[in-house]
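Engineer: This one is work-v3.txt, compact mmCIF, C-alpha atoms.
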# COMPACT_ATOMS: atom_id res chain seq x y z
CA MET M 1 103.13 92.92 119.96
CA LYS M 2 99.39 92.15 119.66
CA ARG M 3 98.59 95.03 122.00
CA PHE M 4 100.77 97.41 119.96
CA ILE M 5 99.10 96.30 116.72
CA GLY M 6 95.74 96.79 118.38
CA ILE M 7 96.44 100.37 119.41
CA LEU M 8 98.01 101.09 116.00
CA GLN M 9 94.76 99.95 114.36
CA PHE M 10 92.76 101.99 116.88
CA MET M 11 94.67 105.27 116.44
CA THR M 12 95.45 105.14 112.71
CA ARG M 13 94.06 104.03 109.37
CA ILE M 14 97.23 102.16 108.45
CA PRO M 15 96.05 98.95 106.74
CA ILE M 16 97.29 96.12 108.92
CA LYS M 17 95.92 92.68 108.17
CA ALA M 18 95.92 91.21 111.65
CA ASP M 19 93.07 89.87 113.74
CA VAL M 20 93.62 91.07 117.28
CA GLU M 21 91.60 89.30 119.95
CA PHE M 22 89.46 91.23 122.44
CA ASP M 23 91.68 92.56 125.21
CA GLU M 24 90.05 93.26 128.57
CA GLU M 25 93.13 95.26 129.54
CA PHE M 26 93.38 97.27 126.35
CA HIS M 27 94.04 100.38 128.43
CA LYS M 28 97.55 99.04 129.04
CA SER M 29 98.31 99.90 125.41
CA ILE M 30 98.63 103.52 126.61
CA VAL M 31 102.33 102.81 126.99
CA TYR M 32 102.55 102.35 123.21
CA PHE M 33 101.04 105.74 122.32
CA PRO M 34 104.43 107.34 121.50
CA LEU M 35 105.42 104.29 119.43
CA VAL M 36 102.30 104.78 117.32
CA GLY M 37 103.34 108.41 116.93
CA PHE M 38 106.81 107.26 115.88
CA VAL M 39 105.30 105.15 113.09
CA ILE M 40 103.18 108.11 111.94
CA GLY M 41 106.26 110.33 112.11
CA LEU M 42 108.35 107.98 109.98
CA ILE M 43 105.65 107.74 107.32
CA SER M 44 105.18 111.52 107.36
CA PHE M 45 108.94 111.96 106.97
CA LEU M 46 108.99 109.60 103.98
CA ILE M 47 106.10 111.54 102.43
CA GLY M 48 108.17 114.69 102.90
CA VAL M 49 111.32 113.17 101.38
CA LEU M 50 109.44 111.96 98.30
CA ALA M 51 107.44 115.18 97.91
CA LEU M 52 110.56 117.33 98.19
CA LYS M 53 111.98 115.63 95.09
CA ILE M 54 109.15 117.15 93.08
CA PHE M 55 107.76 120.13 94.98
CA ASP M 56 109.08 123.10 96.94
CA PRO M 57 109.06 123.16 100.79
CA PHE M 58 105.68 124.91 100.96
CA VAL M 59 103.80 122.33 98.87
CA THR M 60 105.72 119.57 100.65
CA SER M 61 104.47 120.94 103.99
CA ILE M 62 100.89 120.82 102.75
CA LEU M 63 101.31 117.21 101.63
CA ILE M 64 102.81 116.22 104.99
CA VAL M 65 99.90 117.74 106.92
CA ALA M 66 97.39 116.16 104.53
CA GLY M 67 99.17 112.82 104.80
CA GLU M 68 98.97 112.82 108.58
CA VAL M 69 95.25 113.59 108.47
CA VAL M 70 94.78 110.61 106.14
CA LEU M 71 96.91 108.38 108.36
CA THR M 72 94.81 109.17 111.44
CA GLY M 73 91.50 109.30 109.58
CA GLY M 74 91.01 112.85 110.83
CA LEU M 75 90.21 111.41 114.27
CA HIS M 76 92.24 113.90 116.28
CA ILE M 77 91.47 116.95 114.19
CA ASP M 78 87.77 116.14 114.61
CA GLY M 79 88.36 116.17 118.36
CA LEU M 80 90.04 119.56 118.02
CA GLY M 81 87.00 121.01 116.28
CA ASP M 82 84.48 119.52 118.70
CA THR M 83 86.50 120.70 121.71
CA PHE M 84 86.75 124.29 120.51
CA ASP M 85 83.06 124.37 119.62
CA ALA M 86 82.15 123.18 123.11
CA ILE M 87 84.74 124.45 125.58
CA TYR M 88 84.78 127.98 124.17
CA SER M 89 81.02 128.31 123.70
CA ASN M 90 80.50 130.01 127.09
CA ARG M 91 77.72 127.54 127.96
CA ASP M 92 77.17 125.38 131.04
CA LYS M 93 78.83 121.99 131.50
CA GLU M 94 75.92 119.86 130.24
CA ARG M 95 75.47 122.00 127.13
CA MET M 96 79.19 121.80 126.39
CA LEU M 97 79.05 118.00 126.50
CA GLU M 98 76.06 118.05 124.15
CA ILE M 99 77.89 120.31 121.71
CA MET M 100 80.82 117.87 121.63
CA LYS M 101 78.45 115.13 120.45
CA ASP M 102 76.98 117.35 117.73
CA SER M 103 78.36 116.37 114.32
CA ARG M 104 77.75 119.83 112.88
CA LEU M 105 80.69 122.17 112.35
CA GLY M 106 80.54 125.41 114.33
CA THR M 107 82.42 128.66 113.86
CA ASN M 108 84.91 127.92 116.66
CA SER M 109 85.58 124.50 115.17
CA LEU M 110 86.14 125.86 111.68
CA LEU M 111 88.49 128.60 112.87
CA ALA M 112 90.45 126.25 115.16
CA ILE M 113 91.03 123.70 112.39
CA LEU M 114 91.83 126.39 109.83
CA PHE M 115 94.41 128.17 111.96
CA LEU M 116 95.96 124.92 113.21
CA VAL M 117 96.48 123.66 109.65
CA LEU M 118 97.80 127.01 108.42
CA ILE M 119 100.24 127.45 111.31
CA LYS M 120 101.48 123.85 110.99
CA ILE M 121 102.08 124.31 107.27
CA GLY M 122 103.93 127.57 107.89
CA LEU M 123 106.16 126.12 110.61
CA LEU M 124 106.87 122.93 108.64
CA ASN M 125 107.79 125.07 105.65
CA SER M 126 110.33 126.96 107.77
CA LEU M 127 111.82 123.78 109.24
CA ILE M 128 112.08 122.08 105.85
CA SER M 129 113.70 125.19 104.36
CA ALA M 130 116.26 125.03 107.18
CA ASN M 131 117.03 121.36 106.40
CA LEU M 132 115.34 120.18 109.59
CA MET M 133 112.64 118.00 108.09
CA CYS M 134 113.84 115.20 110.39
CA LEU M 135 111.94 116.90 113.22
CA ILE M 136 108.73 115.67 111.60
CA ILE M 137 109.55 112.20 112.92
CA PHE M 138 109.40 113.42 116.51
CA MET M 139 106.32 115.66 116.21
CA PRO M 140 103.59 112.96 116.46
CA MET M 141 105.67 110.85 118.83
CA ILE M 142 106.12 113.57 121.45
CA SER M 143 102.52 114.77 121.18
CA ARG M 144 101.25 111.25 121.87
CA LEU M 145 103.65 110.86 124.77
CA ALA M 146 102.39 114.11 126.28
CA VAL M 147 98.74 113.09 125.91
CA ILE M 148 99.39 110.53 128.66
CA VAL M 149 99.35 113.56 130.99
CA MET M 150 95.65 113.85 130.12
CA LEU M 151 95.10 110.21 131.13
CA TYR M 152 96.89 110.23 134.47
CA LYS M 153 94.64 110.64 137.53
CA THR M 154 91.79 112.07 135.47
CA VAL M 155 88.08 111.29 135.20
CA THR M 156 85.51 111.63 132.43
CA PRO M 157 82.20 113.49 132.74
CA ARG M 158 80.60 110.99 130.33
CA LYS M 159 79.29 107.52 131.14
CA VAL M 160 79.94 106.35 127.58
CA GLY M 161 82.66 107.45 125.18
CA MET M 162 85.56 106.18 123.11
CA GLY M 163 88.08 107.91 125.35
CA ASN M 164 86.72 106.20 128.47
CA ILE M 165 88.88 103.17 127.62
CA PHE M 166 91.96 105.20 128.54
CA ILE M 167 90.92 108.18 130.68
CA GLY M 168 92.19 107.78 134.23
CA LYS M 169 93.85 104.45 133.36
CA ALA M 170 97.43 105.66 132.89
CA THR M 171 99.83 104.69 135.67
CA LEU M 172 103.09 106.28 136.72
CA GLY M 173 104.90 103.18 135.41
CA MET M 174 103.33 103.59 131.96
CA PHE M 175 104.24 107.25 131.93
CA ILE M 176 107.87 106.65 132.93
CA THR M 177 108.32 103.75 130.49
CA ALA M 178 106.88 105.74 127.57
CA THR M 179 109.02 108.78 128.45
CA VAL M 180 112.22 106.73 128.67
CA TYR M 181 111.87 104.91 125.36
CA THR M 182 110.67 108.07 123.60
CA SER M 183 113.79 109.89 124.84
CA VAL M 184 116.01 107.00 123.73
CA ILE M 185 114.48 106.98 120.22
CA LEU M 186 114.87 110.74 119.99
CA VAL M 187 118.52 110.63 121.10
CA LEU M 188 119.48 107.75 118.81
CA ILE M 189 117.91 109.24 115.71
CA SER M 190 118.94 112.84 116.29
CA LYS M 191 122.43 112.20 117.67
CA PHE M 192 123.65 109.54 115.25
CA ILE M 193 121.65 110.23 112.12
CA PHE M 194 120.40 113.79 111.80
CA LEU M 195 121.54 116.37 114.35
CA SER M 196 125.20 116.68 115.17
CA THR M 197 125.48 119.08 118.10
CA ASN M 198 124.77 118.42 121.76
CA ILE M 199 123.07 121.82 122.03
CA ASN M 200 120.43 120.85 119.50
CA LEU M 201 119.92 117.51 121.22
CA ILE M 202 119.39 119.12 124.61
CA LYS M 203 116.97 121.62 123.11
CA LEU M 204 115.11 118.84 121.36
CA LEU M 205 114.79 116.83 124.57
CA SER M 206 113.44 119.90 126.32
CA SER M 207 110.56 119.95 123.84
CA ILE M 208 109.14 116.90 125.65
CA LEU M 209 108.82 118.93 128.84
CA ALA M 210 107.36 121.87 126.93
CA VAL M 211 104.55 119.81 125.40
CA MET M 212 103.87 118.03 128.70
CA LEU M 213 103.64 121.36 130.50
CA PHE M 214 101.20 122.64 127.89
CA ASN M 215 99.00 119.56 128.32
CA GLN M 216 99.03 119.96 132.10
CA LEU M 217 97.86 123.55 131.77
CA PHE M 218 95.29 122.56 129.15
CA LYS M 219 94.00 119.82 131.45
CA LYS M 220 93.49 122.30 134.28
CA SER M 221 91.66 124.65 131.93
CA VAL M 222 89.35 121.89 130.71
CA TYR M 223 88.64 120.68 134.25
CA LYS M 224 87.38 124.15 135.15
CA LYS M 225 84.88 123.88 132.30
CA ILE M 226 83.54 120.31 132.42
CA ASP M 227 85.16 118.64 135.46
CA GLY M 228 86.94 116.00 133.42
CA VAL M 229 88.40 114.84 130.13
CA THR M 230 86.68 113.36 127.07
CA GLY M 231 87.87 111.53 123.96
CA ASP M 232 87.47 114.71 121.91
CA ILE M 233 89.74 116.55 124.31
CA LEU M 234 92.37 113.81 123.98
CA GLY M 235 92.32 114.22 120.21
CA CYS M 236 92.49 117.98 120.59
CA SER M 237 95.50 117.76 122.91
CA ILE M 238 97.32 115.55 120.40
CA GLU M 239 96.80 118.11 117.63
CA LEU M 240 97.72 121.04 119.87
CA GLY M 241 100.70 119.09 121.19
CA GLU M 242 102.08 118.76 117.66
CA LEU M 243 101.61 122.47 117.14
CA VAL M 244 103.35 123.31 120.43
CA PHE M 245 106.25 121.03 119.46
CA LEU M 246 106.66 122.80 116.12
CA LEU M 247 106.42 126.25 117.70
CA TYR M 248 108.86 125.36 120.46
CA THR M 249 111.47 123.80 118.16
CA TYR M 250 111.11 126.71 115.72
CA ILE M 251 111.80 129.22 118.50
CA ILE M 252 114.71 127.46 120.22
CA ILE M 253 116.42 126.00 117.14
CA LEU M 254 115.79 128.42 114.28
CA ILE M 255 115.60 131.75 116.09
Would you put the structure from the file into structure tokens?

Structural biologist:
Amino acid sequence: MKRFIGILQFMTRIPIKADVEFDEEFHKSIVYFPLVGFVIGLISFLIGVLALKIFDPFVTSILIVAGEVVLTGGLHIDGLGDTFDAIYSNRDKERMLEIMKDSRLGTNSLLAILFLVLIKIGLLNSLISANLMCLIIFMPMISRLAVIVMLYKTVTPRKVGMGNIFIGKATLGMFITATVYTSVILVLISKFIFLSTNINLIKLLSSILAVMLFNQLFKKSVYKKIDGVTGDILGCSIELGELVFLLYTYIIILI
């Protein structure tokens, strides 16, 4: 429980009054990544439920996206911007790593964040209009499960960095455990509370594989650029993972 609270404090800005002692094996909290996403998803869902009592689906979608940014302190979306500024700058490896450290906002960063937010709002609007707002619960959970792909058998090109705590530290056991309990949560909530058909459930479960596959391909692409993974890239993959989840569920469930 202390390790879960520790990673919840690390990955979110949820005010938790708990003093967690220094943990030399904090990397083992990787297994709780999807559970943190589940908490974020529940809060985002509640924001959506309350907002929908006052606003239309479009404004509700905006509030959900804004709420998630507040919950995470913009940590992951900052990683998205830094990654796009660096990886797609057509510079050499060392210059890319320098660009990631630069706090200034570049054109690639601005465009990446802008289009990500706009597409998320559009897709959420469609899902809410189709009475599928419950999918918001699973969006951050599955994206944080899939980010473990970026932590398994990987290295970092930096000697110092926030992501170094986790990069390369994920084990097969962590990955399997996180996948199993994520699938169980998804089945229990969707099967007995929200979604009623087995077809939808199977499609929803397949979204886990879709986001994992995307992260595997993204990891290979990043490795070709900088020979490793950084904390910014982890944040980027979480944001992109949420977008892939929304796109995938929109295509297979609504179309």

Engineer: Neighbouring residues of Ile189 (chain M) were defined as those with any atom within 12 Å, considering only C-alpha atoms; residues of the same chain fewer than 6 positions away were excluded. Please report them as a ChimeraX atom specification.

Structural biologist: /M:38,42,134-138,182-183,195-196,201,204

Engineer: List every residue of region 42-110 of chain M that has an atom at most 12 Å from any atom of region 152-169 of chain M, giving for each one its closest atom pair and the distance in Å to one decimal, counting all atoms listed in the file, sorted by chain and then by ascending residue number, as JSON lines.

Structural biologist:
{"residue": "M:Leu75", "atom": "CA", "partner": "M:Met162", "partner_atom": "CA", "distance": 11.3}
{"residue": "M:His76", "atom": "CA", "partner": "M:Gly163", "partner_atom": "CA", "distance": 11.6}
{"residue": "M:Gly79", "atom": "CA", "partner": "M:Gly163", "partner_atom": "CA", "distance": 10.8}
{"residue": "M:Lys93", "atom": "CA", "partner": "M:Pro157", "partner_atom": "CA", "distance": 9.2}
{"residue": "M:Glu94", "atom": "CA", "partner": "M:Pro157", "partner_atom": "CA", "distance": 9.3}
{"residue": "M:Met96", "atom": "CA", "partner": "M:Pro157", "partner_atom": "CA", "distance": 10.9}
{"residue": "M:Leu97", "atom": "CA", "partner": "M:Arg158", "partner_atom": "CA", "distance": 8.1}
{"residue": "M:Glu98", "atom": "CA", "partner": "M:Arg158", "partner_atom": "CA", "distance": 10.4}
{"residue": "M:Met100", "atom": "CA", "partner": "M:Arg158", "partner_atom": "CA", "distance": 11.1}
{"residue": "M:Lys101", "atom": "CA", "partner": "M:Gly161", "partner_atom": "CA", "distance": 10.0}

Engineer: Which residue is closest to Glu68 (chain M)? Choose from M:Leu186, M:Met150, M:Val180, M:Val117 and count all atoms listed in the file.

Structural biologist: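 Nearest candidate to Glu68 (chain M) out of M:Leu186, M:Met150, M:Val180, M:Val117: M:Val117.
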
Engineer: Calculated over only C-alpha atoms, which of the candidates M:Lys224, M:Ile62, M:Ala146, M:Met133 has the smallest distance to Leu46 (chain M)?

Structural biologist: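 Smallest distance to Leu46 (chain M) is found for M:Met133.
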
Engineer: Go through M:Thr230, M:Asn108, M:Ser207, M:Thr60 and flag the residue nearest Ile252 (chain M), using only C-alpha atoms for the distances.

Structural biologist: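 Closest to Ile252 (chain M), using only C-alpha atoms: M:Ser207.
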
Engineer: So how many Å separate CA of Leu254 (chain M) and CA of Gln216 (chain M), to one decimal?

Structural biologist: 25.9 Å

Engineer: So how many Å separate CA of Ser221 (chain M) and CA of Ala112 (chain M), to one decimal?

Structural biologist: 16.9 Å

Engineer: Could you check the closest approach to Phe84 (chain M) for each of M:Leu110, M:Ala210, M:Met174, M:Ile30 and tell me which residue wins, using only C-alpha atoms?

Structural biologist: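 Residue with the minimum atom-to-atom distance to Phe84 (chain M): M:Leu110.
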
Engineer: Mind pulling up the distance from CA of Val244 (chain M) to CA of Gln9 (chain M)?

Structural biologist: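 Interatomic distance here is 25.6 Å.
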
Engineer: Can you pull out the residues contacting Leu246 (chain M)? Cut-off 8 Å, using only C-alpha atoms, and skip same-chain residues under 5 positions away; I want them as a PyMOL selection string.

Structural biologist: chain M and resi 120+123-124+139

Engineer: When distances are computed from only C-alpha atoms, which of M:Leu213, M:Ile119, M:Val36, M:Met1 shows the smallest separation from Phe58 (chain M)?

Structural biologist: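 When distances to Phe58 (chain M) are compared using only C-alpha atoms, the smallest one comes from M:Ile119.
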
Engineer: Considering all atoms listed in the file, state which residue in the set M:Leu71, M:Ile40, M:Ile253, M:Ile226 is at the smallest distance from Asn131 (chain M).

Structural biologist: M:Ile253

Engineer: Can you pull out every residue within 12 Å of Val31 (chain M), counting only C-alpha atoms, but drop anything in the same chain fewer than 6 positions away, and send it as a ChimeraX atom specification?

Structural biologist: /M:3-4,7-8,37,141,144-149,151-152,166,169-182

Engineer: Taking 3 positions as the minimum chain separation for residues in the same chain, which residues sit within 10 Å of Ser89 (chain M) when counting only C-alpha atoms? Answer as a PyMOL selection string.

Structural biologist: chain M and resi 83-86+92+95-96+99+106-108

Engineer: Starting from the point (95.1, 120.2, 123.6), work out which residues of protein, DNA or RNA have an atom no more than 10 Å away when counting only C-alpha atoms; state them as a ChimeraX atom specification.

Structural biologist: /M:79-80,83-84,143,146-147,150,211,214-219,222,232-244

Engineer: Using all atoms listed in the file - which residues lie no farther than 12 Å from the point (93.9, 124.5, 105.9) in the file's frame? Write them as number ranges by chain.

Structural biologist: M: 61-63, 65-66, 69, 77, 110-122
